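Note: the block below is data-v7.cif and it holds mmCIF, C-alpha atoms.
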```
data_final
loop_
_atom_site.group_PDB
_atom_site.id
_atom_site.type_symbol
_atom_site.label_atom_id
_atom_site.label_comp_id
_atom_site.auth_asym_id
_atom_site.auth_seq_id
_atom_site.Cartn_x
_atom_site.Cartn_y
_atom_site.Cartn_z
ATOM 1 C CA MET A 20 41.618 44.576 -68.715
ATOM 2 C CA SER A 21 43.554 41.838 -66.938
ATOM 3 C CA THR A 22 42.162 39.129 -64.693
ATOM 4 C CA ILE A 23 43.476 37.677 -61.451
ATOM 5 C CA LEU A 24 42.343 34.150 -60.602
ATOM 6 C CA VAL A 25 42.624 32.911 -57.008
ATOM 7 C CA ILE A 26 42.589 29.138 -56.551
ATOM 8 C CA ALA A 27 40.287 28.701 -53.549
ATOM 9 C CA GLU A 28 40.973 25.372 -51.896
ATOM 10 C CA HIS A 29 38.498 23.605 -49.675
ATOM 11 C CA GLU A 30 38.230 20.481 -47.635
ATOM 12 C CA SER A 31 34.912 18.630 -47.635
ATOM 13 C CA GLY A 32 33.163 21.745 -48.956
ATOM 14 C CA GLN A 33 34.625 24.114 -46.329
ATOM 15 C CA PHE A 34 36.955 26.733 -47.782
ATOM 16 C CA LYS A 35 40.400 26.809 -46.248
ATOM 17 C CA LYS A 36 41.713 29.971 -44.593
ATOM 18 C CA THR A 37 44.159 30.424 -47.472
ATOM 19 C CA ALA A 38 41.261 30.967 -49.897
ATOM 20 C CA PHE A 39 40.178 34.055 -47.982
ATOM 21 C CA GLU A 40 43.748 35.233 -47.378
ATOM 22 C CA LEU A 41 44.569 35.059 -51.093
ATOM 23 C CA LEU A 42 41.365 36.878 -52.045
ATOM 24 C CA GLY A 43 42.236 39.533 -49.460
ATOM 25 C CA LYS A 44 45.726 39.948 -50.943
ATOM 26 C CA ALA A 45 44.502 39.898 -54.542
ATOM 27 C CA SER A 46 41.800 42.521 -54.026
ATOM 28 C CA PRO A 47 44.105 45.575 -53.706
ATOM 29 C CA LEU A 48 46.317 44.224 -56.494
ATOM 30 C CA ALA A 49 43.276 43.991 -58.766
ATOM 31 C CA SER A 50 42.184 47.505 -57.807
ATOM 32 C CA GLU A 51 45.616 48.953 -58.509
ATOM 33 C CA LEU A 52 45.849 47.156 -61.867
ATOM 34 C CA GLY A 53 42.244 47.852 -62.839
ATOM 35 C CA ALA A 54 41.878 44.075 -63.104
ATOM 36 C CA THR A 55 38.979 41.739 -62.488
ATOM 37 C CA LEU A 56 39.276 39.518 -59.407
ATOM 38 C CA THR A 57 37.940 35.995 -59.891
ATOM 39 C CA ALA A 58 38.144 32.733 -57.975
ATOM 40 C CA GLY A 59 38.518 29.146 -59.115
ATOM 41 C CA VAL A 60 37.190 26.151 -57.213
ATOM 42 C CA ILE A 61 38.279 22.585 -57.890
ATOM 43 C CA GLY A 62 35.665 20.072 -56.793
ATOM 44 C CA ASP A 63 32.305 20.484 -55.163
ATOM 45 C CA ALA A 64 32.006 23.370 -52.704
ATOM 46 C CA PRO A 65 29.613 26.326 -52.224
ATOM 47 C CA ALA A 66 31.483 28.531 -54.680
ATOM 48 C CA ALA A 67 29.020 31.437 -54.572
ATOM 49 C CA GLU A 68 30.105 32.403 -51.044
ATOM 50 C CA LEU A 69 33.460 33.602 -52.424
ATOM 51 C CA GLY A 70 31.704 36.623 -53.928
ATOM 52 C CA ALA A 71 31.391 38.059 -50.432
ATOM 53 C CA PHE A 72 35.210 38.083 -50.285
ATOM 54 C CA GLY A 73 35.720 40.089 -53.473
ATOM 55 C CA ALA A 74 35.511 37.594 -56.342
ATOM 56 C CA SER A 75 33.369 39.090 -59.107
ATOM 57 C CA THR A 76 33.036 35.698 -60.791
ATOM 58 C CA VAL A 77 33.674 32.202 -59.470
ATOM 59 C CA TYR A 78 34.624 29.426 -61.875
ATOM 60 C CA GLN A 79 34.281 25.816 -60.818
ATOM 61 C CA VAL A 80 35.451 22.436 -62.055
ATOM 62 C CA GLY A 81 33.102 19.955 -60.407
ATOM 63 C CA GLY A 82 33.850 16.352 -59.650
ATOM 64 C CA ASP A 83 35.550 14.116 -57.144
ATOM 65 C CA PHE A 84 38.982 15.434 -56.263
ATOM 66 C CA SER A 85 39.162 13.750 -52.840
ATOM 67 C CA ASN A 86 42.239 11.690 -53.791
ATOM 68 C CA TYR A 87 44.936 14.083 -54.950
ATOM 69 C CA SER A 88 46.318 13.602 -58.450
ATOM 70 C CA GLY A 89 48.791 16.104 -59.890
ATOM 71 C CA ASP A 90 47.561 15.458 -63.413
ATOM 72 C CA GLN A 91 43.928 15.890 -62.399
ATOM 73 C CA ALA A 92 44.740 19.107 -60.516
ATOM 74 C CA ALA A 93 46.735 20.444 -63.488
ATOM 75 C CA SER A 94 43.848 19.690 -65.847
ATOM 76 C CA ALA A 95 41.409 21.482 -63.544
ATOM 77 C CA ILE A 96 43.667 24.540 -63.133
ATOM 78 C CA THR A 97 44.267 24.672 -66.889
ATOM 79 C CA ALA A 98 40.496 24.632 -67.471
ATOM 80 C CA LEU A 99 39.949 27.382 -64.877
ATOM 81 C CA VAL A 100 42.642 29.600 -66.413
ATOM 82 C CA LYS A 101 41.260 29.133 -69.917
ATOM 83 C CA GLU A 102 37.662 29.748 -68.845
ATOM 84 C CA SER A 103 38.492 32.834 -66.791
ATOM 85 C CA GLY A 104 41.070 34.243 -69.204
ATOM 86 C CA ALA A 105 43.348 34.826 -66.208
ATOM 87 C CA ASP A 106 46.560 36.758 -66.641
ATOM 88 C CA TYR A 107 47.658 36.036 -63.059
ATOM 89 C CA VAL A 108 46.940 33.037 -60.834
ATOM 90 C CA LEU A 109 47.403 33.018 -57.073
ATOM 91 C CA ALA A 110 47.457 29.633 -55.372
ATOM 92 C CA PRO A 111 48.252 28.476 -51.850
ATOM 93 C CA VAL A 112 51.351 26.567 -50.834
ATOM 94 C CA SER A 113 49.816 23.091 -50.962
ATOM 95 C CA TYR A 114 49.917 20.013 -53.165
ATOM 96 C CA THR A 115 47.817 21.886 -55.689
ATOM 97 C CA GLY A 116 50.016 24.992 -55.612
ATOM 98 C CA LYS A 117 53.343 23.156 -55.543
ATOM 99 C CA ASP A 118 52.532 20.282 -57.916
ATOM 100 C CA GLY A 119 49.353 20.936 -59.897
ATOM 101 C CA LEU A 120 50.014 24.602 -60.684
ATOM 102 C CA PRO A 121 53.504 24.093 -62.197
ATOM 103 C CA ARG A 122 52.090 21.355 -64.430
ATOM 104 C CA ALA A 123 49.315 23.708 -65.557
ATOM 105 C CA VAL A 124 51.838 26.510 -66.156
ATOM 106 C CA ALA A 125 53.850 24.180 -68.402
ATOM 107 C CA ARG A 126 50.703 23.207 -70.339
ATOM 108 C CA LEU A 127 49.839 26.876 -70.797
ATOM 109 C CA ASN A 128 53.415 27.921 -71.700
ATOM 110 C CA GLY A 129 53.343 30.446 -68.869
ATOM 111 C CA GLY A 130 55.694 31.612 -66.161
ATOM 112 C CA GLN A 131 55.600 31.076 -62.434
ATOM 113 C CA ALA A 132 56.981 32.530 -59.219
ATOM 114 C CA SER A 133 56.759 30.213 -56.203
ATOM 115 C CA ASP A 134 57.074 30.757 -52.471
ATOM 116 C CA CYS A 135 56.439 34.502 -52.668
ATOM 117 C CA THR A 136 56.117 36.238 -49.317
ATOM 118 C CA ASP A 137 54.629 39.398 -50.788
ATOM 119 C CA LEU A 138 53.156 40.691 -54.033
ATOM 120 C CA ARG A 139 52.981 44.236 -55.365
ATOM 121 C CA VAL A 140 52.096 46.080 -58.537
ATOM 122 C CA GLU A 141 55.060 47.509 -60.413
ATOM 123 C CA ASN A 142 55.207 48.876 -63.973
ATOM 124 C CA GLY A 143 51.700 47.621 -64.760
ATOM 125 C CA GLY A 144 52.292 44.030 -63.608
ATOM 126 C CA ILE A 145 52.492 41.960 -60.447
ATOM 127 C CA VAL A 146 55.917 41.448 -58.900
ATOM 128 C CA GLY A 147 56.539 38.734 -56.330
ATOM 129 C CA VAL A 148 58.949 39.070 -53.434
ATOM 130 C CA ARG A 149 60.695 35.851 -52.571
ATOM 131 C CA PRO A 150 63.284 35.223 -49.846
ATOM 132 C CA MET A 151 66.610 34.043 -51.207
#
```
Could the structure of this file be written out as structure tokens, please?
Amino acid sequence: MSTILVIAEHESGQFKKTAFELLGKASPLASELGATLTAGVIGDAPAAELGAFGASTVYQVGGDFSNYSGDQAASAITALVKESGADYVLAPVSYTGKDGLPRAVARLNGGQASDCTDLRVENGGIVGVRPM
């Protein structure tokens, strides 16, 4: 069974709208794939509340992430992916998604599709649609 990990960003402990939007998008993808939907939280926030939005498990890297560091974000994302065993990671378009995630992908020898406007399941995997 595959796992989808949604990076749920927050500001001062309040989850951003994108966290809920990504969980909402990932839920039908997980259902169609027969995958587990999980969430990852970087820093200190009430992670348990994400279960109400479809995450079966929430993984968290605690600590002070108030001053953005690409290396620190990449280390946290790498830890979340390894702990969750994620096959797919969805992240918002933010510093973390545009800078930290690519660094983590490189560390994990993975692949990445950025700036996708839609996602769908095709041939047993997730396909991203990106404007060109």
Checklist entry - Expanded to explicit residues, what is the PyMOL selection byres ((chain A and resi 42-47) around 10) for this file, as an MDAnalysis selection string? => result chainID A and resid 23:27 37:41 48:58 69:70 72:74 107:109 137:140
Using only C-alpha atoms, which protein or nucleic acid residues come within 8 Å of Asp90 of chain A? Drop anything in the same chain fewer than 2 positions from it, and give the result as a compact mmCIF listing (two decimals) with C-alpha atoms, in the coordinates of the input.
```txt
# COMPACT_ATOMS: atom_id res chain seq x y z
CA SER A 88 46.32 13.60 -58.45
CA ALA A 92 44.74 19.11 -60.52
CA ALA A 93 46.74 20.44 -63.49
CA SER A 94 43.85 19.69 -65.85
CA GLY A 119 49.35 20.94 -59.90
CA ARG A 122 52.09 21.36 -64.43
```
Checklist entry - Do you know which residues the PyMOL selection byres ((chain A and resi 123) around 12) returns on this file, as a PyMOL selection string? => result chain A and resi 89-101+108+110+115-122+124-131
Any chance you could export the current selection's C-alpha atoms as a short mmCIF file (atom, residue, chain, number, x, y, z; two decimals), keeping the file's coordinate frame?
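Written output follows (selection-v6.cif):
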```cif
data_model
loop_
_atom_site.label_atom_id
_atom_site.label_comp_id
_atom_site.auth_asym_id
_atom_site.auth_seq_id
_atom_site.Cartn_x
_atom_site.Cartn_y
_atom_site.Cartn_z
CA GLY A 89 48.79 16.10 -59.89
CA ASP A 90 47.56 15.46 -63.41
CA GLN A 91 43.93 15.89 -62.40
CA ALA A 92 44.74 19.11 -60.52
CA ALA A 93 46.74 20.44 -63.49
CA SER A 94 43.85 19.69 -65.85
CA ALA A 95 41.41 21.48 -63.54
CA ILE A 96 43.67 24.54 -63.13
CA THR A 97 44.27 24.67 -66.89
CA ALA A 98 40.50 24.63 -67.47
CA LEU A 99 39.95 27.38 -64.88
CA VAL A 100 42.64 29.60 -66.41
CA LYS A 101 41.26 29.13 -69.92
CA VAL A 108 46.94 33.04 -60.83
CA ALA A 110 47.46 29.63 -55.37
CA THR A 115 47.82 21.89 -55.69
CA GLY A 116 50.02 24.99 -55.61
CA LYS A 117 53.34 23.16 -55.54
CA ASP A 118 52.53 20.28 -57.92
CA GLY A 119 49.35 20.94 -59.90
CA LEU A 120 50.01 24.60 -60.68
CA PRO A 121 53.50 24.09 -62.20
CA ARG A 122 52.09 21.36 -64.43
CA VAL A 124 51.84 26.51 -66.16
CA ALA A 125 53.85 24.18 -68.40
CA ARG A 126 50.70 23.21 -70.34
CA LEU A 127 49.84 26.88 -70.80
CA ASN A 128 53.42 27.92 -71.70
CA GLY A 129 53.34 30.45 -68.87
CA GLY A 130 55.69 31.61 -66.16
CA GLN A 131 55.60 31.08 -62.43
#
```
Next on the checklist: If I take atom CA of Gly59 of chain A and atom CA of Met20 of chain A, how far is one from the other in Å, to one decimal?
Outcome noted: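 Atom CA of Met20 of chain A lies at a distance of 18.4 Å from atom CA of Gly59 of chain A.
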Item to check | For atom CA of Val80 of chain A and atom CA of Ser21 of chain A, the interatomic separation in Å (one decimal) | outcome: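 We find that atom CA of Val80 of chain A and atom CA of Ser21 of chain A lie 21.6 Å from each other.
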Next on the checklist: As an exercise, work out the distance from atom CA of Gly82 of chain A to atom CA of Asp63 of chain A in Å and give it to one decimal place.
Outcome noted: 6.3 Å
Centre and edge lengths of an axis-aligned box around all listed atoms of segment 41-48 of chain A, with 8 Å added on each side, are to be given in Å to one decimal, as lines of an AutoDock Vina configuration file.
```
center_x = 43.8
center_y = 40.3
center_z = -53.0
size_x = 21.0
size_y = 26.5
size_z = 23.0
```
Extract, using only C-alpha atoms, all DNA, RNA and protein residues at most 9 Å from Ser85 of chain A, discarding same-chain residues fewer than 4 positions from it, and format them as a PDB file with C-alpha atoms, in the frame of the given file.
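Okay, out13.pdb is ready:
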```
ATOM      1  CA  GLU A  30      38.230  20.481 -47.635  1.00  0.00           C
ATOM      2  CA  SER A  31      34.912  18.630 -47.635  1.00  0.00           C
ATOM      3  CA  GLY A  62      35.665  20.072 -56.793  1.00  0.00           C
TER       4      GLY A  62
END
```
Checklist entry - A:Ala71, A:Val112, A:Ala105, A:Met151: which is nearest Thr22 of chain A, counting only C-alpha atoms? => result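 The answer is A:Ala105, which sits nearest to Thr22 of chain A.
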Item to check | Nearest-residue call for Lys35 of chain A, choices A:Asn142, A:Ser113, A:Ser103, A:Ser133, using all atoms listed in the file | outcome: A:Ser113
Checklist entry - Pick the closest to Tyr87 of chain A from A:Glu68, A:Val146, A:Gly104, A:Ile61: which is it, counting only C-alpha atoms? => result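 Checking each of A:Glu68, A:Val146, A:Gly104, A:Ile61 against Tyr87 of chain A, counting only C-alpha atoms, the winner is A:Ile61.
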Item to check | Selected residue, from A:Pro150, A:Gly144, A:Gly81, A:Pro65, that lies nearest to Asp106 of chain A when counting only C-alpha atoms | outcome: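 When distances to Asp106 of chain A are compared using only C-alpha atoms, the smallest one comes from A:Gly144.
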